[in-house]
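Trainee: Structure file run.cif (mmCIF, C-alpha atoms (C1' of nucleotides)) right here:
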```cif
data_structure
loop_
_atom_site.label_atom_id
_atom_site.label_comp_id
_atom_site.auth_asym_id
_atom_site.auth_seq_id
_atom_site.Cartn_x
_atom_site.Cartn_y
_atom_site.Cartn_z
CA MET L 1 37.31 -7.64 6.48
CA PRO L 2 35.82 -10.79 5.33
CA GLU L 3 32.69 -12.75 6.00
CA LEU L 4 29.96 -13.21 3.39
CA PRO L 5 28.90 -9.53 3.10
CA GLU L 6 32.48 -8.29 2.93
CA ALA L 7 33.36 -10.94 0.33
CA GLU L 8 30.37 -9.74 -1.68
CA ALA L 9 31.66 -6.14 -1.58
CA ASN L 10 35.00 -7.37 -2.94
CA ARG L 11 33.30 -9.44 -5.64
CA LEU L 12 31.36 -6.40 -6.81
CA ARG L 13 34.58 -4.46 -7.32
CA ILE L 14 35.79 -7.12 -9.78
CA GLU L 15 32.39 -7.20 -11.42
CA ARG L 16 32.44 -3.43 -11.88
CA ASP L 17 36.06 -2.81 -12.87
CA CYS L 18 37.71 -5.97 -14.17
CA LEU L 19 35.40 -7.80 -16.59
CA ASN L 20 35.86 -8.20 -20.35
CA ARG L 21 39.46 -7.07 -20.46
CA THR L 22 42.18 -9.37 -21.78
CA ILE L 23 44.71 -10.41 -19.17
CA GLU L 24 48.22 -9.40 -20.23
CA ALA L 25 50.29 -10.41 -17.23
CA VAL L 26 49.92 -11.97 -13.80
CA GLU L 27 52.60 -11.26 -11.22
CA LEU L 28 53.44 -11.86 -7.60
CA GLY L 29 54.12 -9.00 -5.18
CA GLU L 30 56.76 -8.65 -2.47
CA ASP L 31 57.14 -10.95 0.54
CA THR L 32 54.90 -13.85 -0.40
CA ASP L 33 56.45 -16.48 1.91
CA TYR L 34 53.87 -18.79 3.50
CA LEU L 35 51.12 -17.44 1.25
CA GLU L 36 49.37 -19.82 -1.12
CA LEU L 37 49.50 -18.14 -4.53
CA PRO L 38 49.47 -19.53 -8.09
CA GLY L 39 52.87 -20.62 -9.42
CA ASP L 40 54.42 -19.63 -12.74
CA ASN L 41 52.53 -22.15 -14.86
CA GLU L 42 49.18 -21.38 -13.28
CA ARG L 43 49.66 -17.65 -13.68
CA LYS L 44 50.49 -18.19 -17.34
CA ARG L 45 47.24 -20.08 -17.81
CA LEU L 46 45.35 -16.84 -17.19
CA VAL L 47 47.21 -14.75 -19.75
CA GLY L 48 45.21 -14.09 -22.93
CA HIS L 49 41.89 -14.87 -21.26
CA GLN L 50 39.24 -12.50 -19.94
CA PHE L 51 37.06 -12.61 -16.87
CA THR L 52 33.47 -12.38 -18.07
CA GLN L 53 31.69 -13.40 -14.88
CA THR L 54 32.12 -13.57 -11.13
CA HIS L 55 30.69 -15.77 -8.42
CA ARG L 56 30.66 -15.84 -4.64
CA HIS L 57 30.08 -18.82 -2.36
CA GLY L 58 30.23 -18.07 1.34
CA LYS L 59 33.43 -16.14 1.88
CA LEU L 60 34.98 -17.31 -1.42
CA ILE L 61 35.21 -15.08 -4.47
CA PHE L 62 35.60 -16.34 -8.03
CA ALA L 63 36.23 -14.71 -11.41
CA GLY L 64 36.44 -16.46 -14.77
CA SER L 65 34.57 -17.29 -17.95
CA LYS L 66 32.65 -20.11 -19.65
CA THR L 67 35.73 -21.53 -21.31
CA GLY L 68 38.78 -20.10 -19.59
CA PRO L 69 40.39 -20.74 -16.21
CA TRP L 70 39.06 -19.15 -13.01
CA ILE L 71 40.67 -17.62 -10.00
CA GLY L 72 39.34 -18.51 -6.57
CA VAL L 73 40.16 -16.15 -3.70
CA HIS L 74 39.89 -16.53 0.06
CA LEU L 75 40.51 -13.23 1.85
CA GLY L 76 41.63 -14.73 5.17
CA MET L 77 41.33 -12.25 8.03
CA THR L 78 42.74 -9.16 6.36
CA GLY L 79 42.66 -9.69 2.60
CA SER L 80 41.03 -7.51 -0.04
CA LEU L 81 40.71 -7.30 -3.81
CA ARG L 82 41.50 -3.86 -5.17
CA PRO L 83 41.14 -2.74 -8.76
CA PHE L 84 43.36 0.22 -9.60
CA ASP L 85 44.76 2.03 -12.62
CA GLU L 86 48.31 1.83 -13.88
CA ASP L 87 48.90 5.48 -12.94
CA ASP L 88 48.09 4.85 -9.29
CA SER L 89 50.49 3.05 -7.02
CA PRO L 90 49.48 -0.49 -6.07
CA PRO L 91 47.81 -0.95 -2.67
CA ASP L 92 49.94 -1.83 0.35
CA TYR L 93 50.61 -5.55 0.85
CA ALA L 94 49.77 -6.36 -2.78
CA LYS L 95 50.77 -10.03 -3.10
CA PHE L 96 49.21 -11.00 -6.43
CA LEU L 97 48.57 -8.66 -9.34
CA ILE L 98 46.74 -9.02 -12.64
CA ARG L 99 47.37 -6.56 -15.46
CA PHE L 100 44.55 -6.23 -17.96
CA GLU L 101 44.64 -4.57 -21.36
CA GLY L 102 44.49 -0.80 -21.09
CA ASP L 103 45.69 0.46 -17.75
CA ARG L 104 43.47 -1.50 -15.41
CA ARG L 105 44.99 -3.73 -12.74
CA LEU L 106 43.70 -5.90 -9.92
CA ALA L 107 45.61 -6.50 -6.69
CA PHE L 108 45.09 -9.09 -3.98
CA SER L 109 46.26 -7.37 -0.81
CA CYS L 110 46.88 -9.59 2.21
CA PRO L 111 48.82 -8.12 5.17
CA ARG L 112 48.44 -11.06 7.50
CA LYS L 113 48.92 -13.71 4.83
CA LEU L 114 46.06 -15.92 5.91
CA GLY L 115 44.20 -15.85 2.59
CA TRP L 116 44.91 -17.59 -0.70
CA VAL L 117 44.49 -17.36 -4.46
CA ARG L 118 44.11 -20.43 -6.67
CA VAL L 119 43.78 -20.95 -10.39
CA ILE L 120 40.97 -23.48 -10.83
CA ASP L 121 38.80 -25.01 -13.55
CA SER L 122 35.46 -24.12 -12.01
CA PRO L 123 34.00 -22.67 -8.79
CA GLU L 124 31.75 -25.71 -8.33
CA ALA L 125 34.66 -28.14 -8.42
CA GLU L 126 36.64 -26.06 -5.91
CA ILE L 127 33.68 -25.69 -3.53
CA ALA L 128 33.19 -29.45 -3.60
CA ARG L 129 36.88 -30.16 -3.17
CA ILE L 130 37.16 -28.14 0.02
CA GLU L 131 33.81 -29.51 1.25
CA TYR L 132 32.00 -26.26 1.88
CA GLY L 133 28.29 -26.45 2.61
CA PRO L 134 25.68 -24.39 0.75
CA ASP L 135 25.95 -20.60 0.75
CA ALA L 136 24.46 -19.08 3.91
CA LEU L 137 21.94 -17.11 1.83
CA GLU L 138 20.91 -20.23 -0.13
CA ILE L 139 20.36 -22.74 2.67
CA ASP L 140 16.65 -23.23 3.35
CA ARG L 141 15.02 -23.11 6.75
CA ALA L 142 14.55 -26.86 7.16
CA THR L 143 18.13 -27.71 6.24
CA PHE L 144 19.41 -24.95 8.52
CA ALA L 145 17.34 -26.33 11.40
CA ASN L 146 18.70 -29.84 10.81
CA VAL L 147 22.28 -28.75 10.59
CA ILE L 148 22.34 -26.39 13.59
CA GLY L 149 19.80 -28.35 15.61
CA GLY L 150 21.86 -31.50 15.16
CA SER L 151 25.08 -29.92 16.36
CA ARG L 152 26.20 -31.04 19.83
CA GLY L 153 28.67 -28.22 20.42
CA ALA L 154 28.25 -24.48 20.96
CA THR L 155 25.74 -22.94 18.55
CA LYS L 156 28.22 -20.17 17.77
CA SER L 157 30.80 -22.71 16.58
CA ALA L 158 28.19 -24.44 14.43
CA LEU L 159 27.22 -21.15 12.77
CA MET L 160 30.87 -20.58 11.85
CA ASP L 161 31.49 -24.10 10.48
CA GLN L 162 31.89 -23.57 6.73
CA ARG L 163 31.11 -27.23 6.02
CA LYS L 164 27.63 -26.85 7.51
CA PHE L 165 26.96 -23.75 5.40
CA ALA L 166 29.35 -21.13 4.18
CA GLY L 167 29.64 -17.42 4.87
CA VAL L 168 29.22 -16.70 8.59
CA GLY L 169 32.26 -15.91 10.75
CA ASN L 170 32.97 -14.52 14.19
CA LEU L 171 31.43 -11.06 13.89
CA TRP L 172 28.12 -11.98 12.31
CA SER L 173 27.62 -15.16 14.31
CA ASP L 174 27.69 -12.93 17.41
CA GLU L 175 25.22 -10.53 15.78
CA ILE L 176 22.82 -13.36 14.87
CA LEU L 177 22.80 -14.84 18.39
CA TYR L 178 22.46 -11.38 19.92
CA ARG L 179 19.39 -10.67 17.83
CA VAL L 180 17.62 -13.93 18.65
CA GLY L 181 18.62 -13.83 22.31
CA ILE L 182 20.54 -17.11 22.39
CA ASP L 183 23.66 -17.66 24.47
CA PRO L 184 26.53 -18.48 22.07
CA GLU L 185 27.44 -21.43 24.28
CA ARG L 186 24.04 -23.14 24.01
CA LYS L 187 24.22 -26.53 22.33
CA GLY L 188 22.47 -26.76 18.98
CA THR L 189 20.64 -29.86 20.18
CA ASP L 190 19.00 -27.81 22.97
CA LEU L 191 17.34 -25.32 20.61
CA SER L 192 13.64 -25.44 19.83
CA GLU L 193 12.33 -25.63 16.29
CA ASN L 194 11.06 -22.07 16.72
CA SER L 195 14.43 -20.75 17.86
CA LEU L 196 16.09 -22.41 14.88
CA GLY L 197 13.59 -20.81 12.51
CA ASP L 198 14.14 -17.40 14.08
CA MET L 199 17.88 -17.87 13.83
CA HIS L 200 17.67 -18.72 10.15
CA GLU L 201 15.63 -15.60 9.52
CA ALA L 202 18.00 -13.44 11.60
CA MET L 203 21.01 -14.79 9.69
CA ARG L 204 19.45 -13.88 6.35
CA ALA L 205 18.35 -10.44 7.50
CA ILE L 206 21.72 -9.57 9.02
CA LEU L 207 23.81 -10.74 6.07
CA ARG L 208 21.50 -8.91 3.65
CA ALA L 209 21.55 -5.70 5.67
CA VAL L 210 25.35 -5.65 5.89
CA MET L 211 25.58 -6.36 2.16
CA ASP L 212 23.19 -3.50 1.45
CA THR L 213 25.48 -1.02 3.21
CA GLY L 214 28.44 -2.26 1.13
CA ALA L 215 29.88 -3.40 4.49
CA TYR L 216 30.05 0.13 5.92
CA TYR L 217 29.26 -0.72 9.51
CA ASP L 218 28.51 2.80 10.68
CA ARG L 219 25.42 2.71 8.46
CA LEU L 220 23.96 -0.21 10.40
CA PRO L 221 21.19 0.43 12.96
CA ASP L 222 22.22 1.70 16.40
CA ASP L 223 20.86 -1.31 18.26
CA TRP L 224 23.22 -3.78 16.58
CA LEU L 225 25.89 -5.47 18.65
CA ILE L 226 28.57 -4.44 16.13
CA HIS L 227 28.64 -0.93 17.63
CA THR L 228 28.92 -2.22 21.18
CA ARG L 229 31.47 -5.05 21.07
CA LYS L 230 33.18 -3.96 24.26
CA ILE L 231 33.43 -5.60 27.65
CA GLY L 232 31.05 -3.94 30.12
CA ALA L 233 29.20 -1.89 27.50
CA ALA L 234 25.49 -1.28 28.07
CA CYS L 235 23.33 -3.58 25.95
CA PRO L 236 21.34 -1.46 23.44
CA ARG L 237 18.38 -3.84 23.74
CA CYS L 238 17.95 -4.42 27.47
CA ASN L 239 19.47 -3.38 30.79
CA GLY L 240 22.18 -6.00 30.49
CA LYS L 241 25.91 -5.69 29.97
CA ILE L 242 28.04 -6.96 27.10
CA GLU L 243 30.62 -9.54 28.10
CA LYS L 244 33.30 -11.47 26.26
CA THR L 245 33.93 -15.21 26.52
CA LYS L 246 36.08 -17.63 24.52
CA ILE L 247 34.32 -20.19 22.37
CA GLY L 248 36.25 -22.45 20.07
CA GLY L 249 39.26 -20.18 20.46
CA ARG L 250 37.36 -17.10 19.28
CA SER L 251 36.06 -14.11 21.21
CA ALA L 252 32.30 -14.26 21.67
CA TYR L 253 30.65 -10.97 22.63
CA HIS L 254 27.16 -11.30 24.04
CA CYS L 255 24.65 -9.81 26.46
CA THR L 256 24.52 -11.84 29.65
CA ARG L 257 20.96 -10.73 30.36
CA HIS L 258 18.86 -11.30 27.23
CA GLN L 259 20.92 -14.09 25.60
CA LYS L 260 20.00 -17.37 27.27
"C1'" DA Y 1 56.17 -6.48 26.14
"C1'" DC Y 2 51.89 -8.31 25.48
"C1'" DA Y 3 47.45 -9.26 23.92
"C1'" DT Y 4 44.28 -8.92 20.20
"C1'" DC Y 5 42.30 -9.65 15.57
"C1'" DT Y 6 36.28 -10.31 10.66
"C1'" DG Y 7 40.13 -17.28 9.14
"C1'" DT Y 8 41.42 -22.10 8.55
"C1'" DT Y 9 43.47 -26.57 9.64
"C1'" DA Y 10 45.90 -30.50 11.94
"C1'" DC Y 11 45.43 -33.30 15.60
"C1'" DG Y 12 44.14 -35.51 20.02
"C1'" DG Y 13 40.20 -36.88 22.76
"C1'" DC Y 14 35.63 -38.47 23.52
"C1'" DA I 1 32.91 -43.10 12.80
"C1'" DG I 2 32.24 -38.73 13.52
"C1'" DC I 3 32.10 -34.86 16.15
"C1'" DC I 4 34.32 -31.46 19.09
"C1'" DG I 5 37.72 -28.24 20.94
"C1'" DT I 6 42.34 -26.50 21.12
"C1'" DA I 7 46.75 -24.99 19.39
"C1'" DA I 8 49.10 -23.35 15.61
"C1'" DC I 9 49.76 -20.61 11.65
"C1'" DA I 10 51.82 -14.95 10.76
"C1'" DG I 11 51.98 -10.07 10.89
"C1'" DA I 12 50.11 -5.48 12.19
"C1'" DT I 13 48.36 -2.74 15.72
"C1'" DG I 14 47.42 -0.53 20.18
#
```
Please render this file's structure as structure tokens.
Mentor:
Amino acid sequence: MPELPEAEANRLRIERDCLNRTIEAVELGEDTDYLELPGDNERKRLVGHQFTQTHRHGKLIFAGSKTGPWIGVHLGMTGSLRPFDEDDSPPDYAKFLIRFEGDRRLAFSCPRKLGWVRVIDSPEAEIARIEYGPDALEIDRATFANVIGGSRGATKSALMDQRKFAGVGNLWSDEILYRVGIDPERKGTDLSENSLGDMHEAMRAILRAVMDTGAYYDRLPDDWLIHTRKIGAACPRCNGKIEKTKIGGRSAYHCTRHQK
DNA sequence: ACATCTGTTACGGC
DNA sequence: AGCCGTAACAGATG
């Protein structure tokens, strides 16, 4: 699920269902080989504390409090955070579970095991440690233009580089470039100041719009690429065709006619 | 059987 | 030095 808007949808579930409840136990689920999850001592650190606030930075989700420890979560490709009640069965692929007072629980589900959960002292320290850039919705136009405009590789790869700014991945980088009519392969250094400004605005508008739907893609406008990510599909915006190429090891869908 | 997938990271090359 | 691109990681799905 997860780029910035999908991470935000997961954060909101914690915010709504898991705050201000004392943590009674923190457990691991089945089959956690290869997954980075908190060990015994770190899990114990959480017990007795409450989460009173959440935070999101790019694709990262945090929950904690002024004084207590925090958890930091990266969803990987297929992760999700799912509050549930004791009476319900835990979600499939639950790898990390928190039991709060009462019958509320929170599961980190992660089928493909590419995400992680860490117990940390503060979101800011963790963000700095892993060298993420500013959140994609916080970066201002001038900084965006410098960072993308100074990038010598494919613009698509630059948009997805979490150290430049954090939150954009494969799906929404395609959507941004589709909207502004830029070929994903174009070098950042070839882009005009105007193009960079348009791209910054498109990034903000797209991430906001997806967030506003709660990441339900079928509620997004018909002329978005997301509905047409298929080789040979008719471009909703011109008479072109959608094609797929490989950039930086990822599939880049784009219109060969209006993206130049 | 094989390719694909919304993510990251280690490493070699320029 | 720093930037860039590729392969690798692992499991589910069609």
Trainee: Which chain L residues are at most 10 Å from chain I (counting all atoms listed in the file), as a CSV table (one decimal) with C-alpha atoms, in the frame of the given file?
Mentor:
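Writing done, so here's part_24.csv:
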```csv
chain,number,residue,atom,x,y,z
L,34,TYR,CA,53.9,-18.8,3.5
L,35,LEU,CA,51.1,-17.4,1.2
L,111,PRO,CA,48.8,-8.1,5.2
L,112,ARG,CA,48.4,-11.1,7.5
L,113,LYS,CA,48.9,-13.7,4.8
L,114,LEU,CA,46.1,-15.9,5.9
L,151,SER,CA,25.1,-29.9,16.4
L,152,ARG,CA,26.2,-31.0,19.8
L,153,GLY,CA,28.7,-28.2,20.4
L,154,ALA,CA,28.2,-24.5,21.0
L,157,SER,CA,30.8,-22.7,16.6
L,247,ILE,CA,34.3,-20.2,22.4
L,248,GLY,CA,36.2,-22.4,20.1
L,249,GLY,CA,39.3,-20.2,20.5
```
Trainee: If we count all atoms listed in the file, which residues of chain L reach to within 9 Å of chain Y? Please list them as a list in words.
Mentor: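 Using all atoms listed in the file, chain L residues at most 9 Å from chain Y: Met1, Pro2, Glu3, Glu6, Leu75, Gly76, Met77, Thr78, Leu114, Gly115, Gly169, Asn170, Leu171 and Trp172 of chain L.
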Trainee: Could you list, as an MDAnalysis selection string, every residue within 12 Å of L:Tyr216, counting all atoms listed in the file and ignoring same-chain residues fewer than 6 positions away?
Mentor: chainID L and resid 1 5:6 9 209:210 226:227
Trainee: With C-alpha atoms retained, could you export that selection as a tab-separated table (two decimals), in the coordinates of the input?
Mentor:
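Output contents, as saved in selection.tsv:
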```
chain	number	residue	atom	x	y	z
L	1	MET	CA	37.31	-7.64	6.48
L	5	PRO	CA	28.90	-9.53	3.10
L	6	GLU	CA	32.48	-8.29	2.93
L	9	ALA	CA	31.66	-6.14	-1.58
L	209	ALA	CA	21.55	-5.70	5.67
L	210	VAL	CA	25.35	-5.65	5.89
L	226	ILE	CA	28.57	-4.44	16.13
L	227	HIS	CA	28.64	-0.93	17.63
```
Trainee: Please report, as lines of an AutoDock Vina configuration file, the centre and edge lengths in Å to one decimal of an axis-aligned box covering all listed atoms of stretch 3-6 of chain Y with 5 Å per side.
Mentor:
```
center_x = 41.9
center_y = -9.6
center_z = 17.3
size_x = 21.2
size_y = 11.4
size_z = 23.3
```
Trainee: Using the chain letters and residue numbers of this document, give as a VMD selection string the residues selected by the PyMOL selection byres ((chain L and resi 17-22) around 12).
Mentor: chain L and resid 10 to 16 23 to 26 46 to 54 63 to 65 68 81 to 85 98 to 107
